[in-house]
Amino acid sequence: HGQNFSYDGDQGPLHWGEEYHSCIGKYQSPINIEEHNVKNVSLSPLRLIGIDNPYQSYVTNTGHTVMLKTNESKAATLSGGPLQDNYVFEQLHFHWGENDYEGSEDLVNNHSFPMEMHAVFYKEDYKSFNEALNHSDGLAILAYLYEVSPQPNPAYEPIVRVLRDIEVMGKRKALQEPLLLESLFVPDIAKMQDYFTYFGSLTTPPCLEVARWIDFKDRQQLSHEQLAAFRDLQTPEGDKLTHNFRPVQPLEDRVVFHNIP
Ligand code: SG4
Ligand code: ZN
């Protein structure tokens, strides 16, 4: 359950709502963030704790994305900013497109980016990720957007290097070295408080409306070759997973906030 979907055709995003009713809900993600239409706010500092220790980590080809988890159950906690409580790191994963001109889920001023990373956290009080999915304040998701650079980004090389070993759906592979989440989550501490935030959903079925999204304005860089490595992963059908982003959804009556550092 929850795996019975794809990014094209009969089971593509336009049909998700037939089986998963939340996918036609009012507060869906992703969205187009229009910078002229955000509400500026000054929230308490967003805090990420525990990310300065390296943790043994592994990646899995889920058939819909490549997902990274650590062997540590509380590798990192997130709090502050728009959040009322502590949120525990569960997993991170990526969304990409078939070329370097599309692939991100959220858009900014209708502009699409070649990749987006989601770091998913669940509310600590709910004890488990699955229990958190039953509550509208269950998840907090950090979203990172990428641009193409001539040089590879060394912080992502440990992940890119093992992708060839997990091309088939269901394959899993440990990273060679313990991973410092800080290198992915806080590339530049000076820019960490500059983000957009809004309430929305999971961007895949079952599209539950349980997520506080935090989209950093800072862009990270990946080379064309690093991006291309993701497109060689395979779908459940054994085709190439060339793209795995959901189209943007109506904002409806939601407000997107911009935190001014
Ligand atoms: C990806 O397919 C993840 O691998 C899923 O994680 C995740 O589902 C799904 O995206 C939706 O998450 O941040 N894009 S998103 O809104 O976290 C969940 C798993 O399948 C439920 C574990
Ligand atoms: Zn995602």
# chains A, B, ... in the order shown; residues from 1 in each chain; ligands from 1

call {"tool": "closest_atom_pairs", "arguments": {"of": "chain A", "to": "ligand 1", "cutoff": "8 Å", "atoms": "only C-alpha atoms and all ligand atoms", "output": "CSV"}}
result
residue,atom,partner,partner_atom_place_in_ligand_line,distance
A:Gly2,CA,ligand 1,20 (O),7.8
A:Gln3,CA,ligand 1,20 (O),7.7
A:Ser29,CA,ligand 1,16 (O),7.4
A:Thr62,CA,ligand 1,4 (O),6.2
A:His64,CA,ligand 1,2 (O),5.3
A:Thr65,CA,ligand 1,2 (O),5.6
A:Val66,CA,ligand 1,4 (O),6.8
A:Met67,CA,ligand 1,4 (O),5.5
A:Gln91,CA,ligand 1,22 (C),7.4
A:Leu92,CA,ligand 1,3 (C),7.7
A:His93,CA,ligand 1,4 (O),5.9
A:Phe94,CA,ligand 1,1 (C),7.6
A:His95,CA,ligand 1,14 (N),7.7
A:His118,CA,ligand 1,13 (O),5.3
A:Ala119,CA,ligand 1,13 (O),7.0
A:Val120,CA,ligand 1,13 (O),6.0
A:Leu133,CA,ligand 1,21 (C),7.6
A:Ile141,CA,ligand 1,13 (O),6.3
A:Ser201,CA,ligand 1,16 (O),6.2
A:Leu202,CA,ligand 1,16 (O),3.2
A:Thr203,CA,ligand 1,16 (O),4.0
A:Thr204,CA,ligand 1,11 (C),4.7
A:Pro205,CA,ligand 1,11 (C),7.3
A:Pro206,CA,ligand 1,21 (C),7.6
A:Cys207,CA,ligand 1,16 (O),7.4
A:Ala211,CA,ligand 1,16 (O),7.7

call {"tool": "residues_around", "arguments": {"residues": "Lys69 (chain A)", "least_positions_apart": "3", "cutoff": "12 Å", "atoms": "only C-alpha atoms", "output": "PyMOL selection string"}}
result
chain A and resi 55-61+66+72-76+89-93+119-121+159+172-175+178-179+181

call {"tool": "select_by_dssp", "arguments": {"residues": "region 80-139 of chain A", "states": "strand (DSSP E)", "output": "ChimeraX atom specification"}}
result
/A:87-96,107-108,115-123,139

call {"tool": "closest_atom_pairs", "arguments": {"of": "region 176-218 of chain A", "to": "region 45-50 of chain A", "cutoff": "9 Å", "atoms": "only C-alpha atoms", "output": "JSON lines"}}
result
{"residue": "A:Leu181", "atom": "CA", "partner": "A:Gly50", "partner_atom": "CA", "distance": 8.6}
{"residue": "A:Glu182", "atom": "CA", "partner": "A:Gly50", "partner_atom": "CA", "distance": 8.6}
{"residue": "A:Phe185", "atom": "CA", "partner": "A:Leu48", "partner_atom": "CA", "distance": 8.7}
{"residue": "A:Val186", "atom": "CA", "partner": "A:Leu48", "partner_atom": "CA", "distance": 8.8}
{"residue": "A:Met192", "atom": "CA", "partner": "A:Leu46", "partner_atom": "CA", "distance": 7.8}
{"residue": "A:Gln193", "atom": "CA", "partner": "A:Leu46", "partner_atom": "CA", "distance": 6.6}

call {"tool": "write_last_selection", "arguments": {"atoms": "C-alpha atoms", "output": "PDB file, in the first residue's frame"}}
result
ATOM      1  CA  LEU A 181      24.411  15.245   7.945  1.00  0.00           C
ATOM      2  CA  GLU A 182      25.622  18.782   8.548  1.00  0.00           C
ATOM      3  CA  PHE A 185      21.655  20.102   5.807  1.00  0.00           C
ATOM      4  CA  VAL A 186      23.699  23.205   6.650  1.00  0.00           C
ATOM      5  CA  MET A 192      20.104  28.761   7.410  1.00  0.00           C
ATOM      6  CA  GLN A 193      17.430  31.179   8.707  1.00  0.00           C
TER       7      GLN A 193
END

call {"tool": "select_by_dssp", "arguments": {"residues": "region 60-210 of chain A", "states": "alpha helix (DSSP H)", "output": "list of chain:residue names"}}
result
A:Phe129, A:Asn130, A:Glu131, A:Ala132, A:Glu157, A:Pro158, A:Ile159, A:Val160, A:Leu181, A:Glu182, A:Ser183, A:Leu184, A:Phe185

call {"tool": "write_last_selection", "arguments": {"atoms": "N, CA, C and O atoms", "output": "compact mmCIF listing (two decimals), in the first residue's frame"}}
result
# COMPACT_ATOMS: atom_id res chain seq x y z
N PHE A 129 7.42 7.38 13.29
CA PHE A 129 7.07 8.03 12.03
C PHE A 129 5.65 7.66 11.61
O PHE A 129 4.85 8.53 11.24
N ASN A 130 5.31 6.37 11.70
CA ASN A 130 3.98 5.94 11.25
C ASN A 130 2.85 6.55 12.08
O ASN A 130 1.81 6.91 11.53
N GLU A 131 3.06 6.68 13.38
CA GLU A 131 2.03 7.30 14.21
C GLU A 131 1.90 8.79 13.86
O GLU A 131 0.79 9.33 13.80
N ALA A 132 3.02 9.43 13.56
CA ALA A 132 3.00 10.87 13.23
C ALA A 132 2.15 11.14 11.99
O ALA A 132 1.54 12.20 11.87
N GLU A 157 29.15 13.27 -3.11
CA GLU A 157 29.87 12.17 -3.76
C GLU A 157 29.66 10.82 -3.05
O GLU A 157 29.48 9.78 -3.70
N PRO A 158 29.65 10.77 -1.70
CA PRO A 158 29.44 9.48 -1.03
C PRO A 158 28.11 8.83 -1.42
O PRO A 158 28.01 7.60 -1.49
N ILE A 159 27.10 9.64 -1.71
CA ILE A 159 25.79 9.12 -2.13
C ILE A 159 25.83 8.75 -3.61
O ILE A 159 25.48 7.64 -4.01
N VAL A 160 26.32 9.66 -4.45
CA VAL A 160 26.35 9.45 -5.90
C VAL A 160 27.14 8.18 -6.24
O VAL A 160 26.75 7.39 -7.10
N LEU A 181 25.64 14.64 8.49
CA LEU A 181 24.41 15.25 7.95
C LEU A 181 24.55 16.75 7.78
O LEU A 181 23.94 17.35 6.89
N GLU A 182 25.39 17.34 8.62
CA GLU A 182 25.62 18.78 8.55
C GLU A 182 26.06 19.22 7.14
O GLU A 182 25.66 20.27 6.65
N SER A 183 26.86 18.39 6.50
CA SER A 183 27.38 18.76 5.18
C SER A 183 26.26 18.85 4.15
O SER A 183 26.38 19.55 3.15
N LEU A 184 25.16 18.13 4.38
CA LEU A 184 24.01 18.20 3.47
C LEU A 184 22.99 19.24 3.94
O LEU A 184 22.40 19.95 3.14
N PHE A 185 22.75 19.30 5.26
CA PHE A 185 21.66 20.10 5.81
C PHE A 185 22.02 21.56 6.02
O PHE A 185 21.15 22.43 5.98

call {"tool": "atom_distance", "arguments": {"atom1": "CA of Ser44 (chain A)", "atom2": "CA of Gly81 (chain A)"}}
result
4.9 Å

call {"tool": "closest_residue", "arguments": {"among": "A:Val210, A:Ala143, A:Ala155, A:Leu222", "to": "ligand 2", "atoms": "only C-alpha atoms and all ligand atoms"}}
result
A:Ala143

call {"tool": "closest_residue", "arguments": {"among": "A:Tyr156, A:Tyr101, A:Tyr144, A:Phe230", "to": "ligand 2", "atoms": "only C-alpha atoms and all ligand atoms"}}
result
A:Tyr144

call {"tool": "closest_residue", "arguments": {"among": "A:Leu14, A:Leu78, A:Ile33, A:Leu145", "to": "ligand 2", "atoms": "only C-alpha atoms and all ligand atoms"}}
result
A:Leu145

call {"tool": "closest_atom_pairs", "arguments": {"of": "region 172-245 of chain A", "to": "region 256-260 of chain A", "cutoff": "6 Å", "atoms": "only C-alpha atoms", "output": "CSV"}}
result
residue,atom,partner,partner_atom,distance
A:Asp194,CA,A:Asn259,CA,5.7
A:Tyr195,CA,A:Asn259,CA,5.6
A:Phe196,CA,A:His258,CA,4.4
A:Thr197,CA,A:Phe257,CA,5.2
A:Tyr198,CA,A:Val256,CA,4.9

call {"tool": "residues_around", "arguments": {"residues": "Gln151 (chain A)", "least_positions_apart": "4", "cutoff": "9 Å", "atoms": "only C-alpha atoms", "output": "list in words"}}
result
Gln221, Leu222, Ser223 and His224 of chain A

call {"tool": "write_last_selection", "arguments": {"atoms": "N, CA and C atoms", "output": "PDB file, in the first residue's frame"}}
result
ATOM      1  N   GLN A 221      24.830  23.140  -5.067  1.00  0.00           N
ATOM      2  CA  GLN A 221      25.277  22.865  -6.430  1.00  0.00           C
ATOM      3  C   GLN A 221      25.540  21.383  -6.636  1.00  0.00           C
ATOM      4  N   LEU A 222      25.193  20.901  -7.814  1.00  0.00           N
ATOM      5  CA  LEU A 222      25.542  19.546  -8.237  1.00  0.00           C
ATOM      6  C   LEU A 222      25.980  19.617  -9.693  1.00  0.00           C
ATOM      7  N   SER A 223      26.904  18.747 -10.077  1.00  0.00           N
ATOM      8  CA  SER A 223      27.327  18.759 -11.481  1.00  0.00           C
ATOM      9  C   SER A 223      26.327  17.986 -12.337  1.00  0.00           C
ATOM     10  N   HIS A 224      26.379  18.215 -13.640  1.00  0.00           N
ATOM     11  CA  HIS A 224      25.537  17.469 -14.566  1.00  0.00           C
ATOM     12  C   HIS A 224      25.732  15.961 -14.384  1.00  0.00           C
TER      13      HIS A 224
END

call {"tool": "closest_residue", "arguments": {"among": "A:Ala140, A:Val41, A:Leu107, A:Ile51", "to": "Tyr87 (chain A)", "atoms": "only C-alpha atoms"}}
result
A:Ala140

call {"tool": "closest_residue", "arguments": {"among": "A:Tyr7, A:Tyr122, A:Trp96, A:Tyr27", "to": "ligand 2", "atoms": "only C-alpha atoms and all ligand atoms"}}
result
A:Trp96

call {"tool": "residues_around", "arguments": {"residues": "Asn32 (chain A)", "least_positions_apart": "3", "cutoff": "7 Å", "atoms": "only C-alpha atoms", "output": "PyMOL selection string"}}
result
chain A and resi 106-110+248
